Structure formats: C-alpha cells, structure tokens
Amino acid sequence: MKKLSTSLFFCFLLVLLGVSFLYGVLVPRDNQAKSVGSMQIAAYKNGLALYQQNKPYFYTISPFNDYFFSKEGIRSSLITKQDIDQNNFKSSFKLSHLEAVKDNLKGFFGLVQPNIMYETKDFQVRYDSKFINNSVSINRHITLKNGGILPILGTTLTFSGADFIYDKSGNLYSYQTEQDIASFEKFYGIHLQYKSGDPRVLIEDKTIFIMNPFLASVLEVKADATQSLYIDLSNQMVEIQDTASWQGSENNSSITVSVYDNPKEVL
Amino acid sequence: MISALLFYLIPYLLGRSIIRIIHKRHRLFCPAVSYFVAGSLFIFLIALIERYFLLSVVPGMSFLELFKPTLTILLALAVVINILLFWKAPDLNISKHFWPLLLCILLSGITFIIWVQHSPYPLNWDFLEHQTLVNNILAGRFSYFTSQITDTFIFDGYSSLFHTLLASSQMFISADIIGFWQSISFLHLIMVVFASYILAFTISDNKGIAALSAIISASIFETVAFTAVFFIPQTFVAVIFIILFSQLLMEIKHDKVLPFWLVLISLIFLILSHYIVGFVAAVIYFGMYMFIRYGEWLKSKVDFTALIEISILGSIFLILFSSLISSGFLNQGEGQYFNFTLTDKLSFIQEAYGYSLYILLPLGTFYTLKRKKLPEIIMLIICLMLVVIIFLQVSYVLKFLVLGRYFINFIMALGLYFLISKVSNRFLNRMTYIYIAAVFIGIFIINSIYWKGNLYYHNLQTQIAPNELVAANFLQKNYQNTNILMISDPATQNILETFSKINSQGGAYMILNTRQKLIEVAESSNTTEIKDKIFQIKDSIASDSGKRLWILSGRYFNWQKASKDNREALYFNVWAPSDLDFNSQKYIQFLLSDSQHFKLVYQNNTLAIVEVLP
C-alpha cells in the first residue's frame, strides 16, 4: 500500500511537472490564424481580420464598425467610440498563457477556428469562422442581456483607400487613375468604369469585389437575397444590412468572403 | 529515399571493406560509425587526388568523368568484398537493438509527421545552398574549398567532404531534390534520436534513461542549432560525433582502447566536416580518448577539486566579459545578428524546452552527483562546459547547442528518471513514460507552430512556392548549359538556382556590390539605366555568356520594399513566398515597354522571367 501511494504521489508530481514544462513554452504572439485562399484570417484586437502575411493591409469585421438602427432610426455601432474610450467592454482577444498553449495544441489538430467575443453591459457578440475551400463564412451571434430587439443590423468589412472596389458589371466605385484602369483591363481582361456619386452606394447585384494593388488577392463579398449590400466610401467599409430576425434575445447573421488569387480567377 | 540511403550506404560499404581488411583482429563496438567515417574520408581522398593530381595528368577530362567511374569500380569491389568475405559477420545485433531502434523510428516518425504538416517542401533553408554546391560538383566543378565551387559560399566553414558524400549519393540515381532532402532529413532525425539513445545507454546502462533521452531528443527543436530536423554540416557532424563518442565509451567499458589510427581518422573527419563545431567535437573526443589512456596518471597529478573551482570562476568571468568581443566583422556583418544577449539566449532555451530544462537540468545534476558514477560525472562536466560556451556572449556560440543538446538531454533524462524510478508500480511506471512523451511532443507541436508561423502561403506553411518549382523547371529546360546569369532577390535566387541549375550571383549570399546594384535598379525609372545596372552584376567564379535572366517574383518586390540596411544584410531574406500583385505587374509592364532590352519569356502568378538584352 505504501508503495502504491508513493507511486501515486510521484505520478502526481510528474503530471504537475509535465504541465509546467508545457506551460513554459513560448507561444506565438498572435492568435491562431487559418488560411483562406491566398489570405489568412485571425482574431485581432478589433475583431476578425483577413490579411496577407507580412503586408500591412487588413480587412476587418469588427463590432466597432458593425451597427444597428434603433426603433427611432438612429444608427449606432455595436461598440461605440464612447465604449472604447471608457473601456466599457471586455474581449476574448488576449488569451492567458495557459489558454494560448491549449489553443495552439487544439489548433494543430484543427479543433480551433479563429473566433472572438466581446461583451458590454448590454450584450454579448461573438464572431466565429467556418471554412469551405477558399471561402470563409463569419457568423455573428448577438445575445442581448436586457431584452428588447434591434430591428436592423449591419455587418461590415473594412477596406483600404487604395483598393479597387468593383461589382460584377464592371462599375468601379473607388477612384483609380485612367492608367491603372487600363492596366487592370490589360492584366485581367476586365473593363472597369469609374462610377462617381454618393459616398454610400447600394449594390444592386449584391456582390462586390475588392482588390488591393499591393496584395495578390481579390475578395468577393456576397450578400444573401434578404440582405442589402452597400459600399460606404467615406468610412471605407462594405456594409451588409438586414432586417434582423430575433429568436428571443438572440440573433445570428453571417457574411461570406471568398478569396481568389486575382480578378481573372473570379470570372 | 534510395539515394538518401546511399548517402550512408556508399561510405559504409567502402569503409567496411577497408577496415575489415586492414584491421582483422580488433572487434569494434558500434563498428558501423567507423566504417562510415573511413569510407567517407576515402571517397573524399579519391576526389581530392583526382581533382588536384590526376586531372593535370589526364588533360581534357572533367572531374566527374574521372570520379564517377572510379567510385563505381570501388563501390562494385566493396559490394563484392562485403558479400564474399563479411556477409556472415553482421555489425548490428538485431535482436539486441530491435526495440531501441523501433522506439527511435517511432519517435522520429511522430516528430517528422508533425513537422511536415502543411509543409510539403523542406523547411531547412540551408539545404538549397548545399544542393546548389552538389549540383556544381555533379556538373564537374570540384574543389576542397566550398567557396571555389560556387559563390553561394562566401565563407569556408567546412571542407567539401559533406557535399562530396551528397554528390556521391545523387550520382547513381537521379534524385528528385525535394524527395531526397525530405528523406535524408527523416533518416538524419532517426540518427539523432538513436545517437541520443546509444549515448545515454552506454553511459548509464539503463534502458529507461536511454528511452527518456531519446524522447527529449526527438522533441526538442532548437531554433538556432536546428539539430533534429535539419540536415546540414553542423548537425551531421554532431550526430556522427555522438556515435563516435559512444563507441569510445563502449570500448573502455569492455577494457579495450580504440586503435589510435581509428581515433585519428575520426578526428580528421570531424574537423573536415565542420571547422568550428567539428573542432570542438574533436577536442571533446580526443580529450576523452586521452582521459581513457592517461586518466590514472592525470588523477595522481591533478587536483580535480581545484580545477573545477578554477573552471567555475573562469566560466563566470568568460560569460560576463565575452560581450566585449566585437563580431561585426564576421561574415559581412551576419555575425552581429547572431550575437545574442543572455536574455535572448534564455528566451531561445525556454522556447525550445519550456520550463523542462530549468527544472530537469538541476535535478539531473543532483542525481548524477548522488549516483557518483564516473561516466555520468564526465557527461555532466562536458554538459556544463558546453553550457558555458553556449552562454558566452560571442557570436554564433549558440550553435554549439548542436553538440551540447545531447549531453544536456542526457542530464535532463537522468533528472526525469530520478522521479520516474520512484514510481514502482509497473503499470503506472509505463504510463509515466507515455505521459512524458506526450508532454514533449506537445512542446514540439507548439515549437513547430511558433517557427512556421511566418511561413503562410495559401494553404501551406512553406519557404518554397509550387509556382517557383514550375518556373525552375522551365528555366532548366530552356536555359541549362547556356551560361546565362540569373538575377533576383537573394531568396528567389537561392530557390531557383537549386532547382533549375542556372547560375546566379551568390544565391542567398549575394555580395554587397550586387545588392547595391539591385537597390539602384529599384531607384531608377529609366529602362536603359536599369539594363546597364543589371549587366554590372557579375558572378565572382563562373563566367557567363553575357546574357541575363531577371526573375521578378513577389518576393523580389517585397525585398525591394525593405529598408536599405536590410537589403544590404546577409541575414535578411524574404522567407515566405509571395505572388505578384497589381503594382508588381505594372512594374513588369514598364520594363517590357522597352522591348529592345527586356523580353518576357515566362510568367505565372508568382513570378515573371525577363530576358535582359545588352
């Protein structure tokens, strides 16, 4: 009996030591990333971001930009600037070291997909990613803590000022020089026509393409039949707006982004 | 896989014939390593004699025309000798070594599967320059000095022994380069794990300690020494040294002393394989040999307690003041980059080992001193000596972890065994081994995620893009043997030169002048001026036909976006592949607008190949 208890004691000690060995390992500074076509997606402080490694361009889906319209028709972001300034929210972005170790190990076996959660006193919002080939579907799940409903919700994806933003018909919504428009046609066989006008444009065919001249990737953002797709040029965002359907205090909506190597591939 | 096996098999067969004929009486322990060492040196000697003597006697012949038939005849002879004379005297007692070998292969297999996850191409960046050198040997350019074979080597850190063996293994079977390096990396990993097992078992006579040493060895990935998964000269020499060292200990355990001529050829082999790591290995090896021969005399003359005290004080002094030594002059400033502070080094250690080293090394030291077994104390002394060297604030010393890790892992294994041996219940005892293996494999998983974290390219984690291989194939088909000079950023050059066999100026190690010319190219908006700058780039060894192939890859444009200091530095590379973006394509179009000097010959999503015309 004494032998068994000694064995058990040293087993326990070894288990603790093993955990401490693992705990001591340095983990990557960034959260787990996953490839989507030629880009990656990972959780950052501001939300889930699509990016290409070692390039300073990010396409972010964030509660700081996602918005709702109140019954009174007032637009407001889910987490407002005031919330940010006063630090009135919590996020799951910063993992503890132990969580990061666990996440990395689970990630290796494909058990973790990039996700992030934010919480304020009024609601909890969680973004989860799901992958199909070169597409990522980002599901946003909102739980209101104090009841009530938000009739209209918008999901956003930021872009950068230098991007080509165009639709299936070849309408170019972001300004590019004539030479660049000509080069675009020469390289990819797509004729673009610059369409100036309102800074917020409704895209009738519910599909938009985004290409950064410094990235070898094209993003395709599609809205569902029930959703409306807008380009907000002044805030540099794609907005997918829909009439929210609530199940109790919970709402789910998603945005699908496909990543291609170049505009020719999308055709 | 077959040509990777030939790397070990050809020298082994030759060495076995030589040693068995010359040295009939002495039955060696672990003879395979001596056969390999003797055979390797013999091959290298033949190559040197043919290159420096016979080629001057037989004019008009290339090195390969002489070397390949010689090696073929000698190998055929060796096969016949081995079959006829020594078939009945196997070197390895299969029944004795079956379980250890199986354990080592299993551990290596797990590690390797984890390592190649999402990475179908070797992640050992250095293999590219080594293969380039091998390509040159196979094209008939051979020298003792690596820097005289190709300007990819600007520094002679070792002789061309390692590459001669690689060339010999690729000479008979046309090897797929990727397959060859993946296979030889796996074989090397098995050797590393098995060497750790043999060393630990020889010293401790304990299978448990040996198994723990093998588990640690398979799972620890040091990001500076790269011992386990990278097959390069220093990792190669380290593993051979450990087996030679174990052989020396086996001999003394059986009251025998290794013949001096075998010791001598081992020393020569170690130093020729890597001048710095091999030299330190040779000093330890020869020191051990001398201790075996003259240990009793030494014990009577030397006060070991005083010696240890002086050593400890000297070590502290060395670690503290070694930072005063400048290393900026080393390897075009690259030395400075590898001059890590103590904090950096502790961080590297923690990255590789987690907290296991900090806990198990003291525990292992305690257990070693408690057991009072002389071989283990000697291991501890060597371990501490190498730890002191590693912590000196001198450039490159962290690379000595390639040797130190075997001794460190052994002392750690002793520490672990101290605890596991207290678990007397047989079932629980076995479970603790499995648990410890799982923990160390977990450490390896996180290390591999950490190290590969910056190598995303599409769904891969890689340094090589599939499109680069396709382009290399195009280059080989259309430009091989045309003496054309290829120009791009260092990383693209390194990859394409290896796979296409088209010469570049320096590969990843392009000289400063070439770097400055490329920086000037990026600053110019005049195509004639750009053309002139491209033609000012010249190879320092090979002559060229006067034509230039300019590879404009996604990497090239990323490299050009880096700071001037980075572009001029050897340590900076664009490690991950990158495709051509819109702006890169615009630049290519701008060049092609001057059709008199620039002609597009190939393009895919990752790169464009442009012929530059004078």
# chains A, B, ... in the order shown; residues from 1 in each chain; ligands from 1
call {"tool": "closest_atom_pairs", "arguments": {"of": "chain B", "to": "chain A", "cutoff": "8 Å", "atoms": "only C-alpha atoms", "output": "JSON lines"}}
result
{"residue": "B:Gln350", "atom": "CA", "partner": "A:Val25", "partner_atom": "CA", "distance": 6.0}
{"residue": "B:Glu351", "atom": "CA", "partner": "A:Leu26", "partner_atom": "CA", "distance": 5.0}
{"residue": "B:Ala352", "atom": "CA", "partner": "A:Val25", "partner_atom": "CA", "distance": 7.1}
{"residue": "B:Tyr353", "atom": "CA", "partner": "A:Val25", "partner_atom": "CA", "distance": 6.7}
{"residue": "B:Gly354", "atom": "CA", "partner": "A:Val25", "partner_atom": "CA", "distance": 3.8}
{"residue": "B:Tyr355", "atom": "CA", "partner": "A:Phe21", "partner_atom": "CA", "distance": 4.5}
{"residue": "B:Ser356", "atom": "CA", "partner": "A:Phe21", "partner_atom": "CA", "distance": 4.7}
{"residue": "B:Leu419", "atom": "CA", "partner": "A:Phe10", "partner_atom": "CA", "distance": 6.6}
{"residue": "B:Ile420", "atom": "CA", "partner": "A:Phe10", "partner_atom": "CA", "distance": 7.2}
{"residue": "B:Lys422", "atom": "CA", "partner": "A:Ser7", "partner_atom": "CA", "distance": 6.3}
{"residue": "B:Val423", "atom": "CA", "partner": "A:Ser7", "partner_atom": "CA", "distance": 4.0}
{"residue": "B:Ser424", "atom": "CA", "partner": "A:Ser7", "partner_atom": "CA", "distance": 5.8}
{"residue": "B:Asn425", "atom": "CA", "partner": "A:Ser7", "partner_atom": "CA", "distance": 6.1}
{"residue": "B:Leu428", "atom": "CA", "partner": "A:Ser7", "partner_atom": "CA", "distance": 7.3}
{"residue": "B:Asn429", "atom": "CA", "partner": "A:Ser7", "partner_atom": "CA", "distance": 8.0}
{"residue": "B:Thr432", "atom": "CA", "partner": "A:Cys11", "partner_atom": "CA", "distance": 6.8}
{"residue": "B:Tyr435", "atom": "CA", "partner": "A:Val15", "partner_atom": "CA", "distance": 7.8}
{"residue": "B:Ile436", "atom": "CA", "partner": "A:Gly18", "partner_atom": "CA", "distance": 6.6}
{"residue": "B:Val439", "atom": "CA", "partner": "A:Gly18", "partner_atom": "CA", "distance": 5.9}
{"residue": "B:Phe440", "atom": "CA", "partner": "A:Leu22", "partner_atom": "CA", "distance": 7.8}
{"residue": "B:Gly442", "atom": "CA", "partner": "A:Leu105", "partner_atom": "CA", "distance": 7.0}
{"residue": "B:Ile443", "atom": "CA", "partner": "A:Leu22", "partner_atom": "CA", "distance": 5.9}
{"residue": "B:Ile445", "atom": "CA", "partner": "A:Leu105", "partner_atom": "CA", "distance": 6.9}
{"residue": "B:Ile446", "atom": "CA", "partner": "A:Asn104", "partner_atom": "CA", "distance": 6.4}
{"residue": "B:Asn447", "atom": "CA", "partner": "A:Val27", "partner_atom": "CA", "distance": 7.8}
{"residue": "B:Ile449", "atom": "CA", "partner": "A:Asn104", "partner_atom": "CA", "distance": 7.6}
{"residue": "B:Tyr450", "atom": "CA", "partner": "A:Pro28", "partner_atom": "CA", "distance": 5.2}
{"residue": "B:Gly453", "atom": "CA", "partner": "A:Pro28", "partner_atom": "CA", "distance": 7.4}
{"residue": "B:Asn454", "atom": "CA", "partner": "A:Gln53", "partner_atom": "CA", "distance": 7.1}
{"residue": "B:Tyr456", "atom": "CA", "partner": "A:Gln53", "partner_atom": "CA", "distance": 6.7}
{"residue": "B:Tyr457", "atom": "CA", "partner": "A:Ser38", "partner_atom": "CA", "distance": 6.5}
{"residue": "B:His458", "atom": "CA", "partner": "A:Ser38", "partner_atom": "CA", "distance": 4.2}
{"residue": "B:Asn459", "atom": "CA", "partner": "A:Ser35", "partner_atom": "CA", "distance": 5.5}
{"residue": "B:Ser578", "atom": "CA", "partner": "A:Ala216", "partner_atom": "CA", "distance": 7.9}
{"residue": "B:Asp579", "atom": "CA", "partner": "A:Ala216", "partner_atom": "CA", "distance": 5.7}
{"residue": "B:Leu580", "atom": "CA", "partner": "A:Ala216", "partner_atom": "CA", "distance": 5.8}
{"residue": "B:Asp581", "atom": "CA", "partner": "A:Ala216", "partner_atom": "CA", "distance": 4.3}
{"residue": "B:Phe582", "atom": "CA", "partner": "A:Pro213", "partner_atom": "CA", "distance": 4.7}
{"residue": "B:Asn583", "atom": "CA", "partner": "A:Pro213", "partner_atom": "CA", "distance": 5.6}
{"residue": "B:Ser584", "atom": "CA", "partner": "A:Phe214", "partner_atom": "CA", "distance": 8.0}
{"residue": "B:Gln585", "atom": "CA", "partner": "A:Phe187", "partner_atom": "CA", "distance": 7.8}
{"residue": "B:Lys586", "atom": "CA", "partner": "A:Ser183", "partner_atom": "CA", "distance": 7.1}
{"residue": "B:Asn605", "atom": "CA", "partner": "A:Asp261", "partner_atom": "CA", "distance": 7.9}
call {"tool": "write_last_selection", "arguments": {"atoms": "N, CA and C atoms", "output": "CSV table (one decimal), in the first residue's frame"}}
result
chain,number,residue,atom,x,y,z
B,350,GLN,N,14.1,28.7,-23.5
B,350,GLN,CA,12.7,28.5,-23.0
B,350,GLN,C,11.8,28.1,-24.2
B,351,GLU,N,12.0,28.7,-25.3
B,351,GLU,CA,11.2,28.4,-26.5
B,351,GLU,C,11.4,26.9,-26.8
B,352,ALA,N,12.6,26.4,-26.8
B,352,ALA,CA,12.8,25.0,-27.2
B,352,ALA,C,12.4,24.0,-26.1
B,353,TYR,N,12.7,24.3,-24.9
B,353,TYR,CA,12.5,23.3,-23.8
B,353,TYR,C,11.3,23.6,-22.9
B,354,GLY,N,10.7,24.8,-23.0
B,354,GLY,CA,9.7,25.1,-22.0
B,354,GLY,C,10.4,25.3,-20.7
B,355,TYR,N,9.8,24.9,-19.6
B,355,TYR,CA,10.5,25.0,-18.3
B,355,TYR,C,11.3,23.7,-18.0
B,356,SER,N,11.2,22.8,-18.9
B,356,SER,CA,11.8,21.4,-18.6
B,356,SER,C,13.3,21.5,-18.3
B,419,LEU,N,12.8,10.8,-10.8
B,419,LEU,CA,11.4,10.8,-10.4
B,419,LEU,C,10.7,9.6,-10.8
B,420,ILE,N,10.8,9.2,-12.1
B,420,ILE,CA,10.1,8.1,-12.6
B,420,ILE,C,10.4,6.8,-11.8
B,422,LYS,N,10.9,6.3,-8.9
B,422,LYS,CA,10.2,6.3,-7.6
B,422,LYS,C,8.8,5.7,-7.8
B,423,VAL,N,8.3,5.6,-9.1
B,423,VAL,CA,7.0,5.0,-9.4
B,423,VAL,C,7.2,3.5,-9.6
B,424,SER,N,7.1,2.8,-8.5
B,424,SER,CA,7.4,1.4,-8.5
B,424,SER,C,6.4,0.5,-9.2
B,425,ASN,N,5.1,1.0,-9.1
B,425,ASN,CA,4.0,0.2,-9.8
B,425,ASN,C,4.3,0.2,-11.3
B,428,LEU,N,1.8,2.0,-13.7
B,428,LEU,CA,1.9,3.5,-13.5
B,428,LEU,C,3.3,4.0,-14.1
B,429,ASN,N,4.3,3.1,-13.9
B,429,ASN,CA,5.6,3.5,-14.3
B,429,ASN,C,5.6,3.6,-15.9
B,432,THR,N,3.8,6.7,-17.0
B,432,THR,CA,4.6,8.0,-16.9
B,432,THR,C,5.5,8.2,-18.1
B,435,TYR,N,3.2,9.5,-20.8
B,435,TYR,CA,2.8,10.9,-20.4
B,435,TYR,C,3.9,11.8,-20.8
B,436,ILE,N,5.1,11.5,-20.4
B,436,ILE,CA,6.3,12.4,-20.6
B,436,ILE,C,6.5,12.5,-22.1
B,439,VAL,N,4.0,15.0,-23.4
B,439,VAL,CA,4.3,16.3,-23.0
B,439,VAL,C,5.4,16.9,-23.9
B,440,PHE,N,6.4,16.1,-24.2
B,440,PHE,CA,7.5,16.6,-25.0
B,440,PHE,C,7.0,16.8,-26.5
B,442,GLY,N,4.0,17.6,-27.2
B,442,GLY,CA,3.3,18.8,-27.2
B,442,GLY,C,4.2,20.0,-27.3
B,443,ILE,N,5.3,20.0,-26.6
B,443,ILE,CA,6.3,21.1,-26.7
B,443,ILE,C,6.8,21.2,-28.2
B,445,ILE,N,5.1,20.4,-30.9
B,445,ILE,CA,4.0,20.9,-31.7
B,445,ILE,C,4.0,22.4,-31.6
B,446,ILE,N,4.0,22.9,-30.4
B,446,ILE,CA,4.0,24.4,-30.2
B,446,ILE,C,5.2,25.0,-30.8
B,447,ASN,N,6.3,24.4,-30.7
B,447,ASN,CA,7.6,25.0,-31.3
B,447,ASN,C,7.4,25.0,-32.8
B,449,ILE,N,4.6,25.2,-34.5
B,449,ILE,CA,3.7,26.2,-34.9
B,449,ILE,C,4.4,27.6,-34.8
B,450,TYR,N,5.1,27.8,-33.7
B,450,TYR,CA,5.8,29.1,-33.5
B,450,TYR,C,6.8,29.3,-34.6
B,453,GLY,N,5.1,30.0,-38.1
B,453,GLY,CA,4.1,31.0,-38.0
B,453,GLY,C,4.2,32.1,-39.1
B,454,ASN,N,5.4,32.3,-39.6
B,454,ASN,CA,5.6,33.4,-40.6
B,454,ASN,C,5.7,32.9,-42.0
B,456,TYR,N,3.2,31.4,-43.9
B,456,TYR,CA,2.0,31.1,-44.6
B,456,TYR,C,2.0,31.4,-46.1
B,457,TYR,N,1.6,30.5,-46.9
B,457,TYR,CA,1.5,30.8,-48.3
B,457,TYR,C,0.3,29.9,-48.8
B,458,HIS,N,-0.8,30.6,-49.2
B,458,HIS,CA,-2.0,29.8,-49.5
B,458,HIS,C,-2.3,28.8,-48.3
B,459,ASN,N,-2.5,27.6,-48.7
B,459,ASN,CA,-2.8,26.6,-47.6
B,459,ASN,C,-1.6,26.0,-47.0
B,578,SER,N,5.7,34.8,-52.2
B,578,SER,CA,4.7,35.8,-52.3
B,578,SER,C,4.3,35.9,-53.8
B,579,ASP,N,3.1,36.2,-54.1
B,579,ASP,CA,2.7,36.3,-55.6
B,579,ASP,C,2.8,37.7,-56.1
B,580,LEU,N,2.7,37.8,-57.4
B,580,LEU,CA,2.8,39.1,-58.0
B,580,LEU,C,1.5,39.9,-57.8
B,581,ASP,N,1.6,41.1,-57.3
B,581,ASP,CA,0.4,41.9,-57.1
B,581,ASP,C,0.2,42.9,-58.3
B,582,PHE,N,-0.8,43.7,-58.3
B,582,PHE,CA,-1.1,44.6,-59.4
B,582,PHE,C,0.1,45.6,-59.7
B,583,ASN,N,0.6,46.1,-58.6
B,583,ASN,CA,1.7,47.1,-58.7
B,583,ASN,C,3.0,46.4,-59.3
B,584,SER,N,3.2,45.2,-58.9
B,584,SER,CA,4.4,44.5,-59.4
B,584,SER,C,4.2,44.3,-60.9
B,585,GLN,N,3.0,43.9,-61.3
B,585,GLN,CA,2.7,43.7,-62.7
B,585,GLN,C,2.9,45.0,-63.5
B,586,LYS,N,2.5,46.1,-62.9
B,586,LYS,CA,2.7,47.4,-63.6
B,586,LYS,C,4.2,47.7,-63.8
B,605,ASN,N,1.6,33.2,-61.6
B,605,ASN,CA,1.1,34.1,-60.6
B,605,ASN,C,2.2,34.6,-59.6
call {"tool": "select_by_dssp", "arguments": {"residues": "region 258-450 of chain B", "states": "alpha helix (DSSP H)", "output": "number ranges by chain"}}
result
B: 260-273, 277-301, 304-321, 334-337, 342-353, 356-371, 374-391, 401-420, 426-450
call {"tool": "select_by_dssp", "arguments": {"residues": "region 45-200 of chain A", "states": "strand (DSSP E or B)", "output": "JSON, numbers by chain"}}
result
{"A": [47, 48, 49, 50, 51, 58, 59, 60, 61, 67, 68, 69, 75, 76, 77, 90, 91, 115, 116, 117, 118, 119, 123, 124, 125, 126, 127, 128, 129, 130, 131, 132, 135, 136, 137, 138, 139, 140, 141, 142, 143, 144, 152, 153, 154, 155, 156, 157, 158, 164, 165, 166, 167, 171, 172, 193, 194, 200]}
call {"tool": "write_last_selection", "arguments": {"atoms": "C-alpha atoms", "output": "PDB file, in the first residue's frame"}}
result
ATOM      1  CA  GLY A  47     -12.190  41.750 -34.474  1.00  0.00           C
ATOM      2  CA  LEU A  48     -11.546  39.085 -37.088  1.00  0.00           C
ATOM      3  CA  ALA A  49      -9.152  40.287 -39.772  1.00  0.00           C
ATOM      4  CA  LEU A  50      -8.298  38.966 -43.215  1.00  0.00           C
ATOM      5  CA  TYR A  51      -4.776  39.761 -44.287  1.00  0.00           C
ATOM      6  CA  PHE A  58      -6.220  44.274 -43.067  1.00  0.00           C
ATOM      7  CA  TYR A  59      -9.882  43.610 -43.869  1.00  0.00           C
ATOM      8  CA  THR A  60     -11.630  43.616 -40.544  1.00  0.00           C
ATOM      9  CA  ILE A  61     -15.026  42.513 -39.317  1.00  0.00           C
ATOM     10  CA  TYR A  67     -24.058  48.685 -36.475  1.00  0.00           C
ATOM     11  CA  PHE A  68     -27.760  48.679 -35.756  1.00  0.00           C
ATOM     12  CA  PHE A  69     -30.648  51.018 -36.300  1.00  0.00           C
ATOM     13  CA  ARG A  75     -27.606  54.354 -36.447  1.00  0.00           C
ATOM     14  CA  SER A  76     -25.053  53.318 -33.870  1.00  0.00           C
ATOM     15  CA  SER A  77     -22.129  50.904 -33.844  1.00  0.00           C
ATOM     16  CA  LYS A  90     -14.401  43.001 -22.488  1.00  0.00           C
ATOM     17  CA  SER A  91     -12.994  40.872 -25.262  1.00  0.00           C
ATOM     18  CA  ASN A 115     -13.098  33.486 -33.220  1.00  0.00           C
ATOM     19  CA  ILE A 116     -13.528  36.418 -30.917  1.00  0.00           C
ATOM     20  CA  MET A 117     -16.078  37.533 -28.381  1.00  0.00           C
ATOM     21  CA  TYR A 118     -16.928  40.972 -26.980  1.00  0.00           C
ATOM     22  CA  GLU A 119     -19.138  41.797 -24.078  1.00  0.00           C
ATOM     23  CA  PHE A 123     -24.986  42.473 -24.978  1.00  0.00           C
ATOM     24  CA  GLN A 124     -22.502  39.815 -25.946  1.00  0.00           C
ATOM     25  CA  VAL A 125     -21.342  39.468 -29.541  1.00  0.00           C
ATOM     26  CA  ARG A 126     -19.316  36.568 -30.844  1.00  0.00           C
ATOM     27  CA  TYR A 127     -17.733  36.092 -34.271  1.00  0.00           C
ATOM     28  CA  ASP A 128     -16.995  32.539 -35.435  1.00  0.00           C
ATOM     29  CA  SER A 129     -15.419  31.485 -38.687  1.00  0.00           C
ATOM     30  CA  LYS A 130     -16.280  28.486 -40.823  1.00  0.00           C
ATOM     31  CA  PHE A 131     -14.293  27.471 -43.892  1.00  0.00           C
ATOM     32  CA  ILE A 132     -15.297  25.979 -47.233  1.00  0.00           C
ATOM     33  CA  SER A 135     -14.324  30.961 -48.597  1.00  0.00           C
ATOM     34  CA  VAL A 136     -14.856  31.895 -45.013  1.00  0.00           C
ATOM     35  CA  SER A 137     -18.252  32.373 -43.539  1.00  0.00           C
ATOM     36  CA  ILE A 138     -18.183  34.578 -40.470  1.00  0.00           C
ATOM     37  CA  ASN A 139     -21.126  34.094 -38.212  1.00  0.00           C
ATOM     38  CA  ARG A 140     -22.001  36.864 -35.800  1.00  0.00           C
ATOM     39  CA  HIS A 141     -24.029  35.832 -32.790  1.00  0.00           C
ATOM     40  CA  ILE A 142     -25.542  38.588 -30.644  1.00  0.00           C
ATOM     41  CA  THR A 143     -27.155  37.988 -27.267  1.00  0.00           C
ATOM     42  CA  LEU A 144     -28.947  40.938 -25.702  1.00  0.00           C
ATOM     43  CA  ILE A 152     -31.987  46.492 -38.424  1.00  0.00           C
ATOM     44  CA  LEU A 153     -28.452  45.170 -38.137  1.00  0.00           C
ATOM     45  CA  GLY A 154     -25.420  45.740 -40.339  1.00  0.00           C
ATOM     46  CA  THR A 155     -22.270  43.677 -40.714  1.00  0.00           C
ATOM     47  CA  THR A 156     -19.207  45.441 -42.069  1.00  0.00           C
ATOM     48  CA  LEU A 157     -15.894  44.664 -43.703  1.00  0.00           C
ATOM     49  CA  THR A 158     -13.306  47.413 -43.862  1.00  0.00           C
ATOM     50  CA  PHE A 164     -10.184  48.656 -56.428  1.00  0.00           C
ATOM     51  CA  ILE A 165     -13.846  48.247 -55.388  1.00  0.00           C
ATOM     52  CA  TYR A 166     -15.950  46.999 -58.270  1.00  0.00           C
ATOM     53  CA  ASP A 167     -19.061  44.991 -58.996  1.00  0.00           C
ATOM     54  CA  ASN A 171     -18.664  49.531 -62.094  1.00  0.00           C
ATOM     55  CA  LEU A 172     -15.675  50.845 -60.196  1.00  0.00           C
ATOM     56  CA  GLN A 193     -15.743  52.093 -65.473  1.00  0.00           C
ATOM     57  CA  TYR A 194     -15.395  54.585 -62.662  1.00  0.00           C
ATOM     58  CA  ARG A 200     -22.737  55.319 -49.772  1.00  0.00           C
TER      59      ARG A 200
END
call {"tool": "residues_around", "arguments": {"residues": "Leu133 (chain B)", "least_positions_apart": "3", "cutoff": "10 Å", "atoms": "only C-alpha atoms", "output": "ChimeraX atom specification"}}
result
/B:127-130,136-139,141-142,146-147,149-153,160,163-164,166-167,498,501
call {"tool": "write_last_selection", "arguments": {"atoms": "C-alpha atoms", "output": "short mmCIF file (atom, residue, chain, number, x, y, z; two decimals), in the first residue's frame"}}
result
data_model
loop_
_atom_site.label_atom_id
_atom_site.label_comp_id
_atom_site.auth_asym_id
_atom_site.auth_seq_id
_atom_site.Cartn_x
_atom_site.Cartn_y
_atom_site.Cartn_z
CA PHE B 127 19.56 22.77 -47.98
CA LEU B 128 19.18 24.99 -51.03
CA GLU B 129 22.75 26.26 -50.97
CA HIS B 130 24.11 22.80 -50.16
CA ASN B 136 28.07 22.09 -59.22
CA ILE B 137 30.04 19.01 -58.22
CA LEU B 138 27.74 16.89 -60.38
CA ALA B 139 28.42 19.31 -63.23
CA ARG B 141 33.26 21.58 -60.66
CA PHE B 142 35.05 20.27 -57.59
CA THR B 146 33.36 25.28 -50.98
CA SER B 147 33.84 28.94 -51.92
CA ILE B 149 32.99 25.66 -56.30
CA THR B 150 30.20 28.25 -56.19
CA ASP B 151 29.97 31.83 -54.94
CA THR B 152 26.89 30.79 -52.98
CA PHE B 153 29.50 30.01 -50.32
CA SER B 160 33.55 19.95 -49.34
CA HIS B 163 28.92 17.75 -50.33
CA THR B 164 31.12 15.09 -51.91
CA LEU B 166 25.87 14.07 -51.10
CA ALA B 167 27.07 14.17 -54.70
CA THR B 498 18.98 24.99 -56.73
CA LYS B 501 20.77 24.62 -62.01
#
